[in-house]
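K.L.:
Here you go, one structure.
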Amino acid sequence: MTPLLHLSGLTKAYPGVVANDNVGFEIAPGEVHALLGENGAGKSTLVKMIYGLVRPDSGEMRLHGQPFAPHEPRAARAAGVAMVFQHFSLFEALSVAENIALGMDDAPETDALSDEIRSVSKKYGLTLDPDRMVGDLSAGERQRVEIVRCLLQNPKLLVMDEPTSVLTPQEVDVLFETLRRLRDEGTSILYISHKLEEIRTICDNATILRLGKVVGTCVPSEETPRTMAEMMVGTELKSPTKRPYKPGRVLLEVKNLQLPSKDPFGTSLRDVSFSLHAGEVLGVAGVAGNGQDELLLALSGEELTDTAAITLKGATIGSKGPNHRRLQGLLAAPEERLGHAAAPDMSLTENALLTGHARQRLTNKGFVKWQATQNFARAIIQKFDVRTPGASHAAKSLSGGNLQKFVIGREIMQRPDVLVVNQPTWGVDASAAAFIREALLELAEQGAGVLVISQDLDELMEISDTFAVLAEGRLSRVRSASGVTIEEIGLLMGGTEVDHAAA
Amino acid sequence: MLRLEARPEPSRAMVMLTPIIAVVATMIAGGILFAFLGNNPFTAIRIIFWDPLFNDMVASYTRPQLLVKAAPLILMAIGLSFGFRANVWNIGAEGQFIMGAVIGGGTALALYPLESPLVFPLIIIMGGLGGFLWAMIPAILKIRFNANEILVSLMLVYVAAQFLAAMVTGPMKSPVGMGFPVSRNFNEYQSAFNAELLSNTGLHFGVLVMMAVVVLGYIFLTRHIFGFQIRVSGQSARASKFAGVNPHTTVALCLGISGALAGLAGLFEVTGPAGKLSTNFPLGYGFTAIIVAFLGRLHPVGILLAGLLMALTYIGGELAQFQMSIPAAAIQVFQGMLLFFLLGVDILVNFRLRWDTKSKEAH
C-alpha cells in the first residue's frame, strides 16, 4: 500500500542552526503518527514544511505517491493537508460561523455553513454552536472551532501541534474520541506533543527527533513514558525524590484577594484565599487564562491590591510594590521569560541586577556595585548549570531551558522565604525541567514556602504537597496532593467543585 | 523578495562604527547633492568639514564658534537620550529651549538694572525651571490620560514660539529697541550676561555646565540604579514593572530632566551668544539635538563627539553658504541625511538582508 505521506532527506538550515537534517518517515492512511522531541528538536520546522509555510532546502515529500511541494498553506490545504495550531487564530468578537468562514478558502453562505458546522460537529462528537461568540468559549471549545474548520475541508492528513496543552483532562478525552473516529474513516493524523502518556494512548507509531535528526522510531504502546523521554533526551533521566511533608508556620496568607482585570478578555481574581506554610510546595493547577498571570502579578507586587489581602510573615503587604516584597522575602518568577522575567537585550549580569539589587544589596546609595553584581550572576550560572559563554551575554542569546534555569536560579539564590513561580518548566527541555523541579523541592526542604502555578498536571503531581485549582479567577479549597486523582482535578479545572467527603 | 532577518547578537564593533559609516555615506550623498547644485563636491565637503577648524583665513572666527554651537546641542541631546532609552519620546526640546530662554531671560529683564552676583544663578534656575515645567505638560498628560508625548511635546514647540513672539512684542519688548520685536540686549546687563570666559575660545558658562552634564550623565547612566531602570524601561515595560520601576516615575523623570536641560541651554544661549530675545531666536537646535542624541548612540561620550560634529556642519554650512552660495536648505538636507544614514546603517547592524529565492515549482 502506498503511504499517504512519504518524507525523505528533508533538510532545512537557518543561520547558525540546522533545524532539520535529512529527516524522513512515512505515514500510512488511517495512521495516527506521533512526532516526538524536545523544544528545538525541529518538530515545528518539519510541520511548517508539510503545511507549506517553510520550504525545505533539499529533500522530497510525496503525497499519495505524487511529488508534493506546497509553496503556501493554500496549496497544502488544496492537496488535503489541514493543520490545527497550538495557538488559535480566532477573533473573539465574531461568532463561530464567521470565524470558520474567515479561515476557509471558498466559504459558503452563512446559513449553509452553519448547517454544515452542525452536521460535522455532530458526526464527530464535537459539540459546537455556530452562532456563539468565540470570546465566550472555553479553550477546548475554541480548539473545536479550529478542528471543525479543518474537517469541513475533508482533509486526508490532519496535523495537530500540541493540541492538549490548553485542555482539561475531560476535554482531552473528547478530543481523542474525535481523533479515533477520524482515523477509522481513513484520515491520517500527525500528532505533535511532548506529553508521553497521551502519545501512548492515541498514537500508532512515533518518530523521535533530536537536534533536527531522526534518532529513532517506536510503537508508543510498547514503550513507557520514561523510555520515550530517554530517547528524546538521549540520556537517562532521574526523577526528583519527594521528602515527607510536615507543615511549618504560616509564611504567606492570602485572604479574599480581589483583582479586577484591566484587559477586557482577561480574568479577574475573585475572593482568592489560601495560606502557604514553611516547607510546603503548593501546586495551583488550571487551564491557561483562568487567572494564573493575574495571581502572579498580585503576589509579585506588580499589581497592587487591598493591603490586608496579602500577609507575609505577619505583615500586610497587599499595597506594597515588588522591591518591598523582595526585601521582606517574597520573590517571584513569571511565566514569560523574555520580556517579563528578563530583559532580552541586557546581559545576564544586568538581568541579575533586575530583581537582585534590593535583597542582594547590589547598590550603595543608588550606585550599582557592578563587580558584586557580576559575581552574583556568575554564581547563578555556576550553581544552576546555565550553559552560556559568560555573564556578559544577552539574555535572548540563551536557549529557553538555560534562561529559565537562570531566572529560577536568580530567585532561589536570594534565599526567599516564599517563592511564587508560574509555569516554571514551560517549553523547557526534559533535563532542565527535572533540574528546576529538584531545585524547587530543595528550596522547600530548606524551609521556604513554594507556590507553583502550572498547567502541567504531571509536574504538579510530582512536586506538590498540597494542591488547589484556579478556575475563572477563583481558587478551590487547598487539599493534600496525595489523595487527589487526575479525574478530580479535571472536574475542578472545568470549574466544578467536587463534593469532597471528609477524608 | 527582500527580507530582513534579525541577527542573534549584533557585533559590538559594528555598533561603534555605525556613526562613522553614516558620516562617510552622508559626505558621499551630500557631495552628489552639491554637484547637482552646480558646485564642486570636494570643495564643498572641504569647506564644511575642514576649513572651519584648519583654514587660517577663517578659523580664528569659526573655531570658537564650535563650542558655542555644540554646547546647547550636547546639553539637550544628553537630556533627550535618557528619555529615548526609556521609550519616552520628547520631540519638543525646541519648545523647552524657548521657554527656558523666555522664563530665565524674562526674570533677568524684570530685575534690570539690579546689579548683584545673585542674578546670574537665579536666572539659571529660572531657565531650567521654565524648560522643566514646559516638559511637565506632556508628562502629566501622558501619565493622567495616556496622551502621546510625541504629539503633545511637538505641538508645544509652536505654542512656545507664539508665546515668545507675544512676549517680545509686548511685556519684554525693549524700551530702547525703536519698536522692533526684540528684548533689551543682555550684554548691556552685566549681572545677567553670559560672557565668554576666555577670550576667543567660545567658552562660556554654559559650556562648563555642558561638560559637567556629560560627566554626570555618564555616571548616572552606567553606574546608578536609575540609569539602569531607564534602560530596562526602554527594553521591556513588563520587565521594568517586575523590577519594581514605576512607569509614571520614568515618564516624569525623563521628560523633566530633558526639559530642564533644554531650558538651561536656552537660557545660556539667550543671555550669551544670541544676546537678546527675538522672534528669530529659535534656531532649531532642539530638533538637531535629536539627531545628535542618536548619532551619539544615546551615550554621553558619543553625544559629546556627535554634538561637536553637528556644530561643525552648522559652521561649515554657513561658510559654504558665504563662499559657494549653497542654499541654507541644502545644509539642512545634509544634516537630515546624516540621521537617515545612521538609522539605515543601524538596521543593517541589527538585521541582515536576504533575498528569498523562489523555488523551482513556483516557475
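Letters for chains follow the order of the C-alpha cells (A, B, ...), residue numbers begin at 1 for each chain, and ligand numbers begin at 1 in the order shown.
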Name all residues at most 12 Å from Ile28 of chain B (count only C-alpha atoms; drop same-chain ones fewer than 4 positions away) and give them as a VMD selection string.
P.N.:
chain B and resid 21 to 24 32 to 35 41 to 42 44 to 45 334 337 to 338 341
K.L.:
For the selection just defined, write its residues with all heavy atoms to a file, as a compact mmCIF listing (two decimals), in the first residue's frame.
P.N.:
# COMPACT_ATOMS: atom_id res chain seq x y z
N ILE B 21 30.43 55.24 9.62
CA ILE B 21 29.93 54.84 8.29
C ILE B 21 28.87 55.84 7.82
O ILE B 21 28.86 56.26 6.66
CB ILE B 21 29.35 53.42 8.35
CG1 ILE B 21 30.46 52.42 8.70
CG2 ILE B 21 28.69 53.04 7.02
CD1 ILE B 21 29.95 51.03 9.00
N ALA B 22 28.00 56.24 8.76
CA ALA B 22 26.93 57.16 8.39
C ALA B 22 27.50 58.51 7.94
O ALA B 22 27.03 59.11 6.98
CB ALA B 22 25.98 57.35 9.57
N VAL B 23 28.55 58.98 8.63
CA VAL B 23 29.15 60.27 8.26
C VAL B 23 29.75 60.17 6.86
O VAL B 23 29.55 61.06 6.01
CB VAL B 23 30.23 60.68 9.30
CG1 VAL B 23 31.04 61.86 8.78
CG2 VAL B 23 29.58 61.02 10.63
N VAL B 24 30.45 59.06 6.59
CA VAL B 24 31.07 58.91 5.28
C VAL B 24 29.99 58.84 4.19
O VAL B 24 30.09 59.52 3.15
CB VAL B 24 31.96 57.64 5.25
CG1 VAL B 24 32.45 57.36 3.84
CG2 VAL B 24 33.14 57.82 6.20
N ILE B 32 27.15 64.45 -3.86
CA ILE B 32 26.34 64.30 -5.08
C ILE B 32 25.30 65.43 -5.14
O ILE B 32 25.10 66.06 -6.18
CB ILE B 32 25.65 62.92 -5.10
CG1 ILE B 32 26.73 61.82 -5.22
CG2 ILE B 32 24.64 62.82 -6.23
CD1 ILE B 32 26.21 60.42 -5.01
N LEU B 33 24.68 65.71 -3.97
CA LEU B 33 23.70 66.79 -3.90
C LEU B 33 24.32 68.12 -4.31
O LEU B 33 23.77 68.86 -5.14
CB LEU B 33 23.15 66.88 -2.47
CG LEU B 33 22.24 68.04 -2.14
CD1 LEU B 33 20.84 67.79 -2.67
CD2 LEU B 33 22.18 68.27 -0.63
N PHE B 34 25.52 68.42 -3.76
CA PHE B 34 26.18 69.68 -4.08
C PHE B 34 26.57 69.72 -5.55
O PHE B 34 26.50 70.77 -6.20
CB PHE B 34 27.42 69.88 -3.20
CG PHE B 34 27.09 70.01 -1.73
CD1 PHE B 34 27.84 69.37 -0.77
CD2 PHE B 34 26.00 70.77 -1.32
CE1 PHE B 34 27.52 69.47 0.58
CE2 PHE B 34 25.68 70.88 0.03
CZ PHE B 34 26.44 70.23 0.97
N ALA B 35 26.96 68.56 -6.10
CA ALA B 35 27.32 68.52 -7.52
C ALA B 35 26.11 68.87 -8.38
O ALA B 35 26.21 69.63 -9.36
CB ALA B 35 27.85 67.14 -7.88
N PRO B 41 31.88 69.17 -5.52
CA PRO B 41 31.57 68.49 -4.26
C PRO B 41 32.76 68.42 -3.31
O PRO B 41 32.58 68.51 -2.10
CB PRO B 41 31.11 67.10 -4.71
CG PRO B 41 31.57 66.95 -6.11
CD PRO B 41 31.67 68.32 -6.69
N PHE B 42 33.97 68.26 -3.86
CA PHE B 42 35.13 68.11 -2.97
C PHE B 42 35.40 69.42 -2.24
O PHE B 42 35.70 69.42 -1.04
CB PHE B 42 36.34 67.65 -3.77
CG PHE B 42 36.12 66.29 -4.37
CD1 PHE B 42 35.78 66.15 -5.72
CD2 PHE B 42 36.20 65.16 -3.58
CE1 PHE B 42 35.53 64.92 -6.26
CE2 PHE B 42 35.95 63.90 -4.12
CZ PHE B 42 35.62 63.77 -5.47
N ALA B 44 33.18 71.68 -1.54
CA ALA B 44 32.09 71.88 -0.58
C ALA B 44 32.35 71.08 0.68
O ALA B 44 32.23 71.61 1.81
CB ALA B 44 30.75 71.48 -1.21
N ILE B 45 32.72 69.81 0.52
CA ILE B 45 32.98 68.97 1.70
C ILE B 45 34.16 69.54 2.49
O ILE B 45 34.14 69.56 3.73
CB ILE B 45 33.27 67.51 1.26
CG1 ILE B 45 32.05 66.91 0.53
CG2 ILE B 45 33.66 66.65 2.46
CD1 ILE B 45 30.84 66.71 1.38
N PHE B 334 21.48 68.12 4.30
CA PHE B 334 22.73 67.44 4.62
C PHE B 334 22.66 66.84 6.04
O PHE B 334 23.00 65.69 6.27
CB PHE B 334 23.85 68.46 4.51
CG PHE B 334 25.22 67.87 4.50
CD1 PHE B 334 25.69 67.15 3.41
CD2 PHE B 334 26.06 68.06 5.59
CE1 PHE B 334 26.96 66.62 3.42
CE2 PHE B 334 27.34 67.53 5.59
CZ PHE B 334 27.80 66.82 4.51
N MET B 337 20.27 63.97 6.14
CA MET B 337 20.86 62.76 5.56
C MET B 337 21.65 61.99 6.60
O MET B 337 21.65 60.76 6.62
CB MET B 337 21.85 63.16 4.45
CG MET B 337 21.26 63.35 3.11
SD MET B 337 22.65 63.72 2.04
CE MET B 337 21.77 64.43 0.69
N LEU B 338 22.30 62.73 7.47
CA LEU B 338 23.13 62.10 8.49
C LEU B 338 22.27 61.17 9.35
O LEU B 338 22.63 60.02 9.62
CB LEU B 338 23.77 63.20 9.34
CG LEU B 338 24.97 62.83 10.18
CD1 LEU B 338 26.01 62.07 9.39
CD2 LEU B 338 25.58 64.09 10.77
N PHE B 341 21.07 58.14 7.20
CA PHE B 341 22.07 57.09 7.00
C PHE B 341 22.35 56.36 8.31
O PHE B 341 22.58 55.16 8.33
CB PHE B 341 23.36 57.67 6.42
CG PHE B 341 23.27 57.91 4.94
CD1 PHE B 341 23.32 59.18 4.41
CD2 PHE B 341 23.10 56.83 4.08
CE1 PHE B 341 23.22 59.38 3.05
CE2 PHE B 341 22.98 57.03 2.72
CZ PHE B 341 23.05 58.31 2.19
K.L.:
Could you list, as a ChimeraX atom specification, every residue of chain A that has an atom within 9 Å of an atom of chain B, counting only C-alpha atoms?
P.N.:
/A:15,55,69-71,297,300-302,321-324,334,338-346,350,353-357,363,365-370,393-394,396-397
K.L.:
Would you list the contacts of Gln143 of chain A as a CSV table (one decimal) with N, CA and C atoms, in the first residue's frame, taking every protein, DNA or RNA residue within 12 Å and counting only C-alpha atoms, but skipping same-chain residues closer than 5 positions in sequence?
P.N.:
chain,number,residue,atom,x,y,z
A,83,MET,N,-4.3,21.8,9.2
A,83,MET,CA,-3.4,21.9,10.4
A,83,MET,C,-4.2,22.6,11.5
A,84,VAL,N,-4.1,22.1,12.7
A,84,VAL,CA,-4.6,22.8,13.9
A,84,VAL,C,-3.4,23.3,14.7
A,85,PHE,N,-3.3,24.6,14.8
A,85,PHE,CA,-2.1,25.2,15.5
A,85,PHE,C,-2.3,25.2,17.0
A,86,GLN,N,-1.1,25.2,17.7
A,86,GLN,CA,-1.1,25.3,19.1
A,86,GLN,C,-1.8,26.6,19.6
A,87,HIS,N,-1.5,27.7,19.0
A,87,HIS,CA,-2.1,28.9,19.3
A,87,HIS,C,-3.2,29.2,18.3
A,88,PHE,N,-4.4,29.5,18.8
A,88,PHE,CA,-5.6,29.7,17.9
A,88,PHE,C,-5.5,31.0,17.2
A,89,SER,N,-6.0,31.1,16.0
A,89,SER,CA,-6.1,32.4,15.3
A,89,SER,C,-7.6,32.7,15.1
A,90,LEU,N,-8.2,33.1,16.2
A,90,LEU,CA,-9.7,33.4,16.2
A,90,LEU,C,-10.0,34.8,16.6
A,96,VAL,N,-18.8,31.8,15.9
A,96,VAL,CA,-18.1,30.6,15.5
A,96,VAL,C,-18.1,30.5,13.9
A,100,ILE,N,-15.1,30.6,11.2
A,100,ILE,CA,-14.8,29.5,10.3
A,100,ILE,C,-14.8,30.0,8.9
A,126,LEU,N,-18.2,16.7,18.4
A,126,LEU,CA,-17.6,18.0,18.8
A,126,LEU,C,-18.8,19.0,19.0
A,127,THR,N,-19.3,19.1,20.2
A,127,THR,CA,-20.5,20.0,20.4
A,127,THR,C,-20.0,21.4,20.1
A,128,LEU,N,-20.7,22.1,19.2
A,128,LEU,CA,-20.4,23.4,18.9
A,128,LEU,C,-21.6,24.2,18.3
A,134,VAL,N,-17.0,33.7,19.9
A,134,VAL,CA,-15.8,33.0,20.3
A,134,VAL,C,-15.3,33.5,21.6
A,137,LEU,N,-16.2,31.4,24.5
A,137,LEU,CA,-16.0,30.0,24.5
A,137,LEU,C,-14.7,29.6,25.4
A,138,SER,N,-14.7,28.4,25.9
A,138,SER,CA,-13.5,27.9,26.7
A,138,SER,C,-12.5,27.6,25.7
A,148,VAL,N,-13.1,21.9,13.5
A,148,VAL,CA,-14.2,21.8,12.6
A,148,VAL,C,-13.9,22.6,11.3
A,149,ARG,N,-13.2,23.7,11.4
A,149,ARG,CA,-12.7,24.4,10.2
A,149,ARG,C,-11.9,23.5,9.3
A,150,CYS,N,-11.0,22.7,9.9
A,150,CYS,CA,-10.2,21.8,9.1
A,150,CYS,C,-11.1,20.7,8.5
A,160,MET,N,-1.7,18.2,14.0
A,160,MET,CA,-2.1,18.8,15.3
A,160,MET,C,-0.8,19.1,16.1
A,161,ASP,N,-0.6,20.4,16.4
A,161,ASP,CA,0.6,20.8,17.1
A,161,ASP,C,0.2,21.1,18.6
A,162,GLU,N,0.7,20.2,19.5
A,162,GLU,CA,0.4,20.3,20.9
A,162,GLU,C,-1.0,20.6,21.2
A,163,PRO,N,-1.9,19.7,20.7
A,163,PRO,CA,-3.4,20.1,20.8
A,163,PRO,C,-3.9,20.0,22.3
A,164,THR,N,-3.2,19.4,23.2
A,164,THR,CA,-3.9,19.2,24.5
A,164,THR,C,-3.3,20.2,25.5
A,165,SER,N,-2.4,21.1,25.1
A,165,SER,CA,-1.8,21.9,26.2
A,165,SER,C,-2.8,22.9,26.8
A,166,VAL,N,-3.9,23.2,26.2
A,166,VAL,CA,-4.9,24.1,26.8
A,166,VAL,C,-6.1,23.4,27.3
A,167,LEU,N,-6.1,22.0,27.3
A,167,LEU,CA,-7.4,21.3,27.6
A,167,LEU,C,-7.4,20.7,29.0
A,171,GLU,N,-11.7,17.3,28.5
A,171,GLU,CA,-11.7,17.8,27.1
A,171,GLU,C,-10.7,16.9,26.2
A,172,VAL,N,-9.7,16.5,26.9
A,172,VAL,CA,-8.7,15.6,26.1
A,172,VAL,C,-9.4,14.3,25.7
A,174,VAL,N,-12.5,13.9,25.0
A,174,VAL,CA,-13.4,14.2,23.9
A,174,VAL,C,-12.6,14.3,22.6
A,175,LEU,N,-11.5,15.0,22.7
A,175,LEU,CA,-10.7,15.2,21.5
A,175,LEU,C,-10.2,13.8,21.0
K.L.:
Quick one: everything within 10 Å of segment 266-269 of chain A, counting only C-alpha atoms, minus sequence neighbours fewer than 5 positions away in the same chain. Send it as JSON, numbers by chain.
P.N.:
{"A": [256, 257, 258, 259, 260, 261, 289, 290, 291, 292, 293, 294, 295, 298, 470, 471, 472, 473, 474, 475]}
K.L.:
Just want the 9 Å neighbourhood of segment 315-326 of chain B, counted on only C-alpha atoms, with same-chain residues fewer than 3 positions away dropped. Output as an MDAnalysis selection string.
P.N.:
chainID B and resid 34 37 39 44:52 58 62 65:66 69 310:312 329:332
K.L.:
Tell me which protein, DNA and RNA residues are within 12 Å of segment 174-180 of chain B, counting only C-alpha atoms, leaving out same-chain ones fewer than 2 positions away, and put them as a list in words.
P.N.:
Gly106, Leu109, Ala110, Tyr112, Ala165, Met167, Val168, Thr169, Gly170, Pro171, Met172, Val182, Ser183, Arg184, Asn185, Phe186, Glu188, Lys276, Leu277, Ser278, Thr279 and Asn280 of chain B
K.L.:
Please identify all polymer residues within 6 Å of Ser319 of chain A, counting only C-alpha atoms, omitting same-chain residues fewer than 5 positions from it, and present them as a list in words.
P.N.:
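What passes the distance filter is Leu304, Thr305 and Thr307 of chain A.
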K.L.:
Between atom CA of Met16 of chain B and atom CA of Phe54 of chain B, what is the distance, to one decimal in Å?
P.N.:
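Separation of atom CA of Met16 of chain B and atom CA of Phe54 of chain B: 26.6 Å.
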K.L.:
Could you please determine the separation between atom CA of Pro64 of chain B and atom CA of Tyr314 of chain B in Å, to one decimal place?
P.N.:
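Separation between atom CA of Pro64 of chain B and atom CA of Tyr314 of chain B: 13.0 Å.
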K.L.:
Identify, with DSSP run on backbone atoms, the residues in segment 165-281 of chain B assigned to alpha helix (DSSP H), and express the list as a PyMOL selection string.
P.N.:
chain B and resi 165-169+205-223+225-235+237-242+247-271
K.L.:
I'd like the interatomic distance between atom CA of Ser258 of chain B and atom CA of Leu305 of chain B, to a tenth of an Å.
P.N.:
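Taking atom CA of Ser258 of chain B and atom CA of Leu305 of chain B, their separation equals 18.9 Å.
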K.L.:
For Asp346 of chain B, which of B:Leu203, B:Met14, B:Ala306, B:Met136 is the closest residue, counting only C-alpha atoms?
P.N.:
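The answer is B:Met14, which sits nearest to Asp346 of chain B.
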K.L.:
Here is a test: counting only C-alpha atoms, which residue of B:Pro121, B:His204, B:Arg354, B:Leu73 is nearest to Tyr14 of chain A?
P.N.:
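Checking each of B:Pro121, B:His204, B:Arg354, B:Leu73 against Tyr14 of chain A, counting only C-alpha atoms, the winner is B:Arg354.
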